[in-house]
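Q: Structure file entry-v4.pdb (PDB, C-alpha atoms) is given on the next line.
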ATOM      1  CA  MET F 927      84.733  97.051  73.978  1.00  0.00           C
ATOM      2  CA  ILE F 928      84.941  93.406  74.977  1.00  0.00           C
ATOM      3  CA  ASP F 929      87.496  92.781  72.220  1.00  0.00           C
ATOM      4  CA  ALA F 930      89.559  95.769  73.411  1.00  0.00           C
ATOM      5  CA  LEU F 931      89.411  94.499  76.979  1.00  0.00           C
ATOM      6  CA  LEU F 932      90.491  90.982  76.013  1.00  0.00           C
ATOM      7  CA  ALA F 933      93.326  92.421  73.890  1.00  0.00           C
ATOM      8  CA  ALA F 934      94.577  94.541  76.809  1.00  0.00           C
ATOM      9  CA  PRO F 935      97.197  93.058  79.113  1.00  0.00           C
ATOM     10  CA  PRO F 936      96.246  91.803  82.575  1.00  0.00           C
ATOM     11  CA  ARG F 937      97.534  94.224  85.213  1.00  0.00           C
ATOM     12  CA  LEU F 938      96.267  92.629  88.424  1.00  0.00           C
ATOM     13  CA  GLY F 939      98.453  89.540  88.367  1.00  0.00           C
ATOM     14  CA  THR F 940      96.877  87.411  85.626  1.00  0.00           C
ATOM     15  CA  VAL F 941      93.511  89.206  85.887  1.00  0.00           C
ATOM     16  CA  ARG F 942      92.261  91.853  83.497  1.00  0.00           C
ATOM     17  CA  VAL F 943      90.246  94.503  85.331  1.00  0.00           C
ATOM     18  CA  LEU F 944      87.523  96.579  83.721  1.00  0.00           C
ATOM     19  CA  ALA F 945      86.394  99.523  85.864  1.00  0.00           C
ATOM     20  CA  VAL F 946      82.946 100.945  85.096  1.00  0.00           C
ATOM     21  CA  ASP F 947      82.842 104.304  86.867  1.00  0.00           C
ATOM     22  CA  GLY F 948      80.673 107.385  86.798  1.00  0.00           C
ATOM     23  CA  PRO F 949      78.209 109.282  88.949  1.00  0.00           C
ATOM     24  CA  SER F 950      75.282 107.726  90.804  1.00  0.00           C
ATOM     25  CA  GLY F 951      72.232 106.980  88.704  1.00  0.00           C
ATOM     26  CA  SER F 952      74.194 107.019  85.442  1.00  0.00           C
ATOM     27  CA  GLY F 953      73.648 103.380  84.469  1.00  0.00           C
ATOM     28  CA  LYS F 954      76.938 101.806  85.612  1.00  0.00           C
ATOM     29  CA  SER F 955      75.325  98.664  87.038  1.00  0.00           C
ATOM     30  CA  THR F 956      73.304  98.067  83.877  1.00  0.00           C
ATOM     31  CA  LEU F 957      76.368  98.498  81.661  1.00  0.00           C
ATOM     32  CA  ALA F 958      78.513  96.302  83.915  1.00  0.00           C
ATOM     33  CA  GLY F 959      75.860  93.585  83.739  1.00  0.00           C
ATOM     34  CA  LYS F 960      76.007  93.753  79.931  1.00  0.00           C
ATOM     35  CA  PHE F 961      79.799  93.422  80.031  1.00  0.00           C
ATOM     36  CA  VAL F 962      79.555  90.408  82.348  1.00  0.00           C
ATOM     37  CA  ALA F 963      76.984  88.720  80.090  1.00  0.00           C
ATOM     38  CA  GLY F 964      79.026  89.488  76.982  1.00  0.00           C
ATOM     39  CA  LEU F 965      82.242  88.170  78.511  1.00  0.00           C
ATOM     40  CA  ALA F 966      80.518  85.022  79.764  1.00  0.00           C
ATOM     41  CA  GLY F 967      79.103  84.583  76.262  1.00  0.00           C
ATOM     42  CA  HIS F 968      82.685  84.573  74.981  1.00  0.00           C
ATOM     43  CA  GLY F 969      83.524  81.785  77.445  1.00  0.00           C
ATOM     44  CA  VAL F 970      85.504  84.118  79.723  1.00  0.00           C
ATOM     45  CA  ARG F 971      85.614  83.451  83.487  1.00  0.00           C
ATOM     46  CA  VAL F 972      84.321  86.738  84.829  1.00  0.00           C
ATOM     47  CA  ALA F 973      83.544  88.122  88.280  1.00  0.00           C
ATOM     48  CA  LEU F 974      81.639  91.275  89.187  1.00  0.00           C
ATOM     49  CA  VAL F 975      82.313  93.361  92.280  1.00  0.00           C
ATOM     50  CA  SER F 976      80.260  96.492  92.939  1.00  0.00           C
ATOM     51  CA  THR F 977      81.515  99.329  95.103  1.00  0.00           C
ATOM     52  CA  ASP F 978      77.922  99.597  96.378  1.00  0.00           C
ATOM     53  CA  GLU F 979      78.669  96.453  98.388  1.00  0.00           C
ATOM     54  CA  PHE F 980      81.303  98.413 100.352  1.00  0.00           C
ATOM     55  CA  ALA F 981      80.082 102.023 100.473  1.00  0.00           C
ATOM     56  CA  THR F 982      77.773 103.605 103.016  1.00  0.00           C
ATOM     57  CA  TRP F 983      76.308 107.107 103.223  1.00  0.00           C
ATOM     58  CA  ASP F 984      79.039 108.021 105.717  1.00  0.00           C
ATOM     59  CA  GLU F 985      81.846 106.216 103.864  1.00  0.00           C
ATOM     60  CA  PRO F 986      81.342 106.935 100.177  1.00  0.00           C
ATOM     61  CA  VAL F 987      84.953 106.078  99.231  1.00  0.00           C
ATOM     62  CA  SER F 988      87.039 105.580 102.397  1.00  0.00           C
ATOM     63  CA  TRP F 989      86.186 101.853 102.537  1.00  0.00           C
ATOM     64  CA  TRP F 990      88.742 101.150  99.779  1.00  0.00           C
ATOM     65  CA  PRO F 991      91.309  99.335 102.015  1.00  0.00           C
ATOM     66  CA  ARG F 992      88.725  96.559 102.581  1.00  0.00           C
ATOM     67  CA  LEU F 993      88.501  95.991  98.822  1.00  0.00           C
ATOM     68  CA  GLU F 994      92.259  96.156  98.412  1.00  0.00           C
ATOM     69  CA  THR F 995      93.123  93.680 101.161  1.00  0.00           C
ATOM     70  CA  GLY F 996      90.133  91.373 100.741  1.00  0.00           C
ATOM     71  CA  VAL F 997      89.811  91.156  96.965  1.00  0.00           C
ATOM     72  CA  LEU F 998      92.492  92.914  94.928  1.00  0.00           C
ATOM     73  CA  ALA F 999      95.638  91.764  96.767  1.00  0.00           C
ATOM     74  CA  PRO F1000      94.591  88.089  96.817  1.00  0.00           C
ATOM     75  CA  LEU F1001      93.585  88.144  93.122  1.00  0.00           C
ATOM     76  CA  ARG F1002      96.886  89.842  92.279  1.00  0.00           C
ATOM     77  CA  ALA F1003      98.616  86.899  94.004  1.00  0.00           C
ATOM     78  CA  GLY F1004      96.489  84.319  92.170  1.00  0.00           C
ATOM     79  CA  ARG F1005      94.294  83.475  95.169  1.00  0.00           C
ATOM     80  CA  PRO F1006      90.517  83.887  95.582  1.00  0.00           C
ATOM     81  CA  GLY F1007      89.360  87.115  97.205  1.00  0.00           C
ATOM     82  CA  ARG F1008      86.602  87.618  99.721  1.00  0.00           C
ATOM     83  CA  TYR F1009      84.757  90.435 101.387  1.00  0.00           C
ATOM     84  CA  ARG F1010      81.767  91.068 103.593  1.00  0.00           C
ATOM     85  CA  ARG F1011      78.986  92.799 101.673  1.00  0.00           C
ATOM     86  CA  VAL F1012      77.208  95.777 103.240  1.00  0.00           C
ATOM     87  CA  ASP F1013      73.602  94.766 103.957  1.00  0.00           C
ATOM     88  CA  TRP F1014      71.147  97.607 103.332  1.00  0.00           C
ATOM     89  CA  SER F1015      67.964  95.559 103.843  1.00  0.00           C
ATOM     90  CA  THR F1016      67.127  97.309 107.124  1.00  0.00           C
ATOM     91  CA  GLY F1017      67.814 100.782 105.695  1.00  0.00           C
ATOM     92  CA  VAL F1018      70.872 101.003 107.942  1.00  0.00           C
ATOM     93  CA  PRO F1019      74.188  99.661 106.615  1.00  0.00           C
ATOM     94  CA  LEU F1020      75.203  96.513 108.515  1.00  0.00           C
ATOM     95  CA  PRO F1021      77.784  93.803 107.843  1.00  0.00           C
ATOM     96  CA  GLY F1022      76.198  91.305 105.491  1.00  0.00           C
ATOM     97  CA  GLU F1023      77.089  87.980 103.947  1.00  0.00           C
ATOM     98  CA  GLU F1024      80.629  87.020 103.010  1.00  0.00           C
ATOM     99  CA  VAL F1025      81.279  86.814  99.284  1.00  0.00           C
ATOM    100  CA  GLU F1026      84.100  84.774  97.730  1.00  0.00           C
ATOM    101  CA  ILE F1027      85.567  85.802  94.400  1.00  0.00           C
ATOM    102  CA  PRO F1028      87.319  82.919  92.604  1.00  0.00           C
ATOM    103  CA  VAL F1029      90.249  84.065  90.460  1.00  0.00           C
ATOM    104  CA  PRO F1030      88.652  85.191  87.176  1.00  0.00           C
ATOM    105  CA  GLU F1031      90.136  86.006  83.805  1.00  0.00           C
ATOM    106  CA  VAL F1032      88.306  89.355  84.003  1.00  0.00           C
ATOM    107  CA  LEU F1033      87.168  91.270  87.062  1.00  0.00           C
ATOM    108  CA  VAL F1034      84.489  93.859  86.350  1.00  0.00           C
ATOM    109  CA  LEU F1035      84.773  96.431  89.108  1.00  0.00           C
ATOM    110  CA  GLU F1036      81.678  98.611  88.994  1.00  0.00           C
ATOM    111  CA  GLY F1037      80.649 101.708  90.873  1.00  0.00           C
ATOM    112  CA  VAL F1038      81.618 105.133  92.092  1.00  0.00           C
ATOM    113  CA  SER F1039      85.405 105.288  92.570  1.00  0.00           C
ATOM    114  CA  SER F1040      86.118 101.954  90.842  1.00  0.00           C
ATOM    115  CA  GLY F1041      88.405 103.797  88.415  1.00  0.00           C
ATOM    116  CA  ARG F1042      90.127 105.871  91.085  1.00  0.00           C
ATOM    117  CA  ALA F1043      93.717 107.016  90.522  1.00  0.00           C
ATOM    118  CA  ARG F1044      95.056 104.481  93.013  1.00  0.00           C
ATOM    119  CA  MET F1045      93.500 101.647  90.984  1.00  0.00           C
ATOM    120  CA  ARG F1046      94.473 102.794  87.492  1.00  0.00           C
ATOM    121  CA  PRO F1047      97.856 101.004  87.324  1.00  0.00           C
ATOM    122  CA  SER F1048      95.956  97.707  87.807  1.00  0.00           C
ATOM    123  CA  LEU F1049      93.224  98.448  85.240  1.00  0.00           C
ATOM    124  CA  SER F1050      93.153  96.972  81.775  1.00  0.00           C
ATOM    125  CA  LEU F1051      90.344  99.342  80.784  1.00  0.00           C
ATOM    126  CA  LEU F1052      88.448 102.207  82.414  1.00  0.00           C
ATOM    127  CA  THR F1053      84.982 103.090  81.140  1.00  0.00           C
ATOM    128  CA  TRP F1054      83.210 106.255  82.264  1.00  0.00           C
ATOM    129  CA  VAL F1055      79.396 106.287  82.145  1.00  0.00           C
ATOM    130  CA  ASP F1056      77.870 109.689  81.433  1.00  0.00           C
ATOM    131  CA  GLY F1057      74.336 109.539  82.730  1.00  0.00           C
ATOM    132  CA  GLY F1058      73.024 113.007  81.982  1.00  0.00           C
ATOM    133  CA  SER F1059      72.279 115.880  84.338  1.00  0.00           C
ATOM    134  CA  GLU F1060      72.375 115.656  88.130  1.00  0.00           C
ATOM    135  CA  THR F1061      68.599 116.122  88.220  1.00  0.00           C
ATOM    136  CA  GLU F1062      67.991 113.229  85.804  1.00  0.00           C
ATOM    137  CA  ARG F1063      70.405 110.979  87.678  1.00  0.00           C
ATOM    138  CA  LEU F1064      68.906 111.916  91.064  1.00  0.00           C
ATOM    139  CA  ASP F1065      65.433 111.052  89.778  1.00  0.00           C
ATOM    140  CA  ARG F1066      66.653 107.670  88.444  1.00  0.00           C
ATOM    141  CA  ALA F1067      68.528 106.858  91.658  1.00  0.00           C
ATOM    142  CA  THR F1068      65.514 107.851  93.769  1.00  0.00           C
ATOM    143  CA  ALA F1069      63.238 105.684  91.618  1.00  0.00           C
ATOM    144  CA  ARG F1070      65.663 102.798  92.218  1.00  0.00           C
ATOM    145  CA  ASP F1071      66.305 103.348  95.952  1.00  0.00           C
ATOM    146  CA  GLY F1072      63.042 104.921  97.114  1.00  0.00           C
ATOM    147  CA  GLU F1073      61.885 108.489  97.714  1.00  0.00           C
ATOM    148  CA  GLU F1074      63.068 108.307 101.351  1.00  0.00           C
ATOM    149  CA  SER F1075      66.656 108.157 100.053  1.00  0.00           C
ATOM    150  CA  ARG F1076      66.469 111.406  98.028  1.00  0.00           C
ATOM    151  CA  ALA F1077      68.221 113.618 100.609  1.00  0.00           C
ATOM    152  CA  ASP F1078      71.033 111.083 101.104  1.00  0.00           C
ATOM    153  CA  LEU F1079      71.391 110.642  97.349  1.00  0.00           C
ATOM    154  CA  ARG F1080      71.599 114.406  96.848  1.00  0.00           C
ATOM    155  CA  ARG F1081      74.293 114.633  99.528  1.00  0.00           C
ATOM    156  CA  TRP F1082      76.077 111.751  97.775  1.00  0.00           C
ATOM    157  CA  GLN F1083      75.900 113.611  94.431  1.00  0.00           C
ATOM    158  CA  LEU F1084      77.541 116.663  95.955  1.00  0.00           C
ATOM    159  CA  PHE F1085      80.318 114.510  97.380  1.00  0.00           C
ATOM    160  CA  GLU F1086      80.946 112.574  94.177  1.00  0.00           C
ATOM    161  CA  ARG F1087      81.033 115.757  92.079  1.00  0.00           C
ATOM    162  CA  GLY F1088      84.052 116.919  94.084  1.00  0.00           C
ATOM    163  CA  TRP F1089      85.548 113.417  94.192  1.00  0.00           C
ATOM    164  CA  PHE F1090      85.548 113.052  90.405  1.00  0.00           C
ATOM    165  CA  ILE F1091      87.081 116.489  89.872  1.00  0.00           C
ATOM    166  CA  VAL F1092      89.934 115.827  92.299  1.00  0.00           C
ATOM    167  CA  ASP F1093      90.467 112.239  91.123  1.00  0.00           C
ATOM    168  CA  GLY F1094      90.304 113.104  87.400  1.00  0.00           C
ATOM    169  CA  THR F1095      88.369 109.918  86.688  1.00  0.00           C
ATOM    170  CA  GLU F1096      86.501 110.959  83.547  1.00  0.00           C
ATOM    171  CA  ALA F1097      89.632 112.422  81.940  1.00  0.00           C
ATOM    172  CA  ALA F1098      91.514 109.158  82.609  1.00  0.00           C
ATOM    173  CA  ALA F1099      88.834 106.949  81.012  1.00  0.00           C
ATOM    174  CA  ASP F1100      89.676 104.849  77.973  1.00  0.00           C
ATOM    175  CA  SER F1101      86.076 105.148  76.797  1.00  0.00           C
ATOM    176  CA  VAL F1102      82.992 107.194  77.611  1.00  0.00           C
ATOM    177  CA  VAL F1103      79.533 105.668  77.305  1.00  0.00           C
ATOM    178  CA  VAL F1104      76.345 107.703  77.335  1.00  0.00           C
ATOM    179  CA  SER F1105      73.904 105.466  79.170  1.00  0.00           C
ATOM    180  CA  ALA F1106      70.713 104.555  77.348  1.00  0.00           C
ATOM    181  CA  SER F1107      68.687 105.931  80.234  1.00  0.00           C
ATOM    182  CA  SER F1108      70.229 109.380  79.761  1.00  0.00           C
ATOM    183  CA  VAL F1109      69.445 109.682  76.030  1.00  0.00           C
TER     184      VAL F1109
END
The structure in this file should be written as structure tokens.
A:
Amino acid sequence: MIDALLAAPPRLGTVRVLAVDGPSGSGKSTLAGKFVAGLAGHGVRVALVSTDEFATWDEPVSWWPRLETGVLAPLRAGRPGRYRRVDWSTGVPLPGEEVEIPVPEVLVLEGVSSGRARMRPSLSLLTWVDGGSETERLDRATARDGEESRADLRRWQLFERGWFIVDGTEAAADSVVVSASSV
């Protein structure tokens, strides 16, 4: 997939964008990390931005304008992007540290809604991660985030199920990956 990505044209100014999308607990972060390592191993300047650094329980996808104005528009113009990460360390989402994104050759945009319809004209490649059943994914996400998050994660799953149907994300994907944790 790295070869296909590097062969694809840049569509965000001079930046190629790989979106790694799929439901919570499917293995998107793990796969994105492998892409970043593989690209870096090819000598490619790569940056990773996770939608988890923007989303909150109450704003699962409506935070998008912050990503657009802070990161995508500047990169499109050939300038570094920046955003303020959501800090979850207290269990309550608060504004966290500011992150600067130097202009990369490839931006890996990872997380729920990273491949949304509004973003697709700027994507070089969209990968959908199929992580198995909702029950399996909920168990993995709860193991990652803690048992106290189970109710919020279940509410999130119900939201994202509808989001993906309306947005048509999986159908628009260039590739579908079955995550190792779902096999």
Q: As a check of understanding, name the residues that the PyMOL selection byres ((chain F and resi 987) around 12) selects in the supplied structure, as a list in words.
A: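 Matching residues under the PyMOL selection byres ((chain F and resi 987) around 12) are Thr977, Asp978, Glu979, Phe980, Ala981, Thr982, Trp983, Asp984, Glu985, Pro986, Ser988, Trp989, Trp990, Pro991, Arg992, Leu993, Gly1037, Val1038, Ser1039, Ser1040, Gly1041, Arg1042, Arg1044, Trp1082, Phe1085, Glu1086, Trp1089, Phe1090 and Asp1093 of chain F.
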Q: Write out as a list in words which residues come within 6 Å of segment 996-1005 of chain F when counting all atoms listed in the file, dropping same-chain ones fewer than 4 positions away.
A: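 Listed by chain and then number, they are Leu938, Gly939, Arg992, Tyr1009 and Val1029 of chain F.
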Q: Report as a list in words the full result of the PyMOL selection byres ((chain F and resi 927-936) around 10) when it is applied to this structure.
A: Arg937, Leu938, Gly939, Thr940, Val941, Arg942, Val943, Leu944, Phe961, Val962, Gly964, Leu965, His968, Val970, Arg1002, Glu1031, Val1032, Ser1048, Leu1049, Ser1050, Leu1051, Leu1052, Thr1053 and Ser1101 of chain F
Q: Kindly extract all protein, DNA and RNA residues lying within 10 Å of the coordinates (77.2, 110.6, 89.7) given in the file, considering all atoms listed in the file, and supply them as a list of chain:residue names.
A: F:Asp947, F:Gly948, F:Pro949, F:Ser950, F:Gly951, F:Ser952, F:Gly953, F:Lys954, F:Gly1037, F:Val1038, F:Val1055, F:Asp1056, F:Gly1057, F:Gly1058, F:Ser1059, F:Glu1060, F:Arg1063, F:Leu1064, F:Ala1067, F:Leu1079, F:Arg1080, F:Trp1082, F:Gln1083, F:Leu1084, F:Phe1085, F:Glu1086, F:Arg1087, F:Trp1089, F:Phe1090
Q: In Å, with one decimal, what is the gap from atom CA of Ala973 of chain F to atom CA of Ser955 of chain F?
A: 13.4 Å
Q: Between F:Arg1046, F:Ala945, F:Leu957, F:Thr1061, which residue has the minimum interatomic distance to Val1104 of chain F, considering all atoms listed in the file?
A: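 The answer is F:Leu957, which sits nearest to Val1104 of chain F.
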Q: Emit as AutoDock Vina command-line options the padded axis-aligned box for all listed atoms of segment 1052-1057 of chain F, 8 Å per side, with centre and edge lengths in Å to one decimal.
A:
--center_x 81.4 --center_y 105.9 --center_z 81.9 --size_x 30.1 --size_y 23.5 --size_z 17.6
Q: For a test of reading the model, state the distance in Å between atom CA of Gly1094 of chain F and atom CA of Val1034 of chain F, rounded to one decimal.
A: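 These two atoms are separated by 20.1 Å.
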Q: Taking (66.1, 113.3, 94.6) in the file's coordinates, which residues come within 6 Å, counting only C-alpha atoms, written as a VMD selection string?
A: chain F and resid 1064 to 1065 1068 1076
Q: Choose the residue, out of F:Pro1006, F:Gly969, F:Pro1047, F:Pro1028, that has the smallest atom-to-atom separation from Ala1098 of chain F; count only C-alpha atoms.
A: F:Pro1047
Q: What separation in Å, quoted to one decimal, exists between atom CA of Gly959 of chain F and atom CA of Val972 of chain F?
A: 10.9 Å
